[in-house]
Amino acid sequence: MSNFIPSTFSRKDPSPSTAPPASIAEVPSHLAQPQSTPYQDCESCRITGTATFTFVGIYSLAQIRSAKTPVGRGAALAAGLGFLTIAAARWTQGERIAAAISRQQ
């Protein structure tokens with residue numbers, strides 16, 4: 001029989017397990033404790049992400065002129081400013097993380 005038949009996916013063990021459910025003590029230590037260092041982006045990832053959000057924000061702001069209703073203009077303005085804010089946060093996030101790591105060492 002093929003493994004692509006759904007009935008072959010769930011084979012039951014002939015001897016049922018009598019092990020108690022896993023407790024907190026049985027969790028491996030590397031999974032139980034939070035990461036000590038924050039996530040770090042590489043420099044090219046930060047540049048690419050910041051550039052993407054910047055260009056999308058500029059494009060949204062450029063679409064204000066072609067919006068026909070005040071609601072459309074407001075939505076384009078909010079989207080453009082939102083994407084530019086995300087771009088600024090994306091760029092400065094890496095600097096803050098690098099400063100925090102250098103303070104720890």
# chains A, B, ... in the order shown; residues from 1 in each chain; ligands from 1
>>> residues_around(residues="region 54-62 of chain A", least_positions_apart="6", cutoff="7 Å", atoms="only C-alpha atoms", output="list of chain:residue names")
A:Ala76, A:Leu77, A:Ala79, A:Gly80, A:Leu81, A:Phe83, A:Leu84, A:Ala87
>>> write_last_selection(atoms="N, CA and C atoms", output="PDB file, in the first residue's frame")
ATOM      1  N   ALA A  76      -4.863  56.652   2.235  1.00  0.00           N
ATOM      2  CA  ALA A  76      -3.523  56.650   1.636  1.00  0.00           C
ATOM      3  C   ALA A  76      -2.522  57.372   2.533  1.00  0.00           C
ATOM      4  N   LEU A  77      -2.965  58.468   3.141  1.00  0.00           N
ATOM      5  CA  LEU A  77      -2.084  59.201   4.054  1.00  0.00           C
ATOM      6  C   LEU A  77      -1.740  58.353   5.274  1.00  0.00           C
ATOM      7  N   ALA A  79      -1.821  55.071   5.531  1.00  0.00           N
ATOM      8  CA  ALA A  79      -0.974  53.945   5.125  1.00  0.00           C
ATOM      9  C   ALA A  79       0.457  54.409   4.872  1.00  0.00           C
ATOM     10  N   GLY A  80       0.600  55.539   4.173  1.00  0.00           N
ATOM     11  CA  GLY A  80       1.942  56.039   3.880  1.00  0.00           C
ATOM     12  C   GLY A  80       2.717  56.378   5.135  1.00  0.00           C
ATOM     13  N   LEU A  81       2.075  57.096   6.044  1.00  0.00           N
ATOM     14  CA  LEU A  81       2.762  57.446   7.300  1.00  0.00           C
ATOM     15  C   LEU A  81       3.026  56.211   8.154  1.00  0.00           C
ATOM     16  N   PHE A  83       3.618  53.093   7.031  1.00  0.00           N
ATOM     17  CA  PHE A  83       4.761  52.372   6.477  1.00  0.00           C
ATOM     18  C   PHE A  83       6.075  53.105   6.725  1.00  0.00           C
ATOM     19  N   LEU A  84       6.067  54.426   6.675  1.00  0.00           N
ATOM     20  CA  LEU A  84       7.291  55.167   6.976  1.00  0.00           C
ATOM     21  C   LEU A  84       7.678  55.037   8.445  1.00  0.00           C
ATOM     22  N   ALA A  87       9.243  51.685   8.796  1.00  0.00           N
ATOM     23  CA  ALA A  87      10.605  51.714   8.254  1.00  0.00           C
ATOM     24  C   ALA A  87      11.580  52.314   9.258  1.00  0.00           C
TER      25      ALA A  87
END
>>> atom_distance(atom1="CA of Thr52 (chain A)", atom2="CA of Gln93 (chain A)")
15.6 Å
>>> atom_distance(atom1="CA of Ala78 (chain A)", atom2="CA of Cys42 (chain A)")
29.3 Å
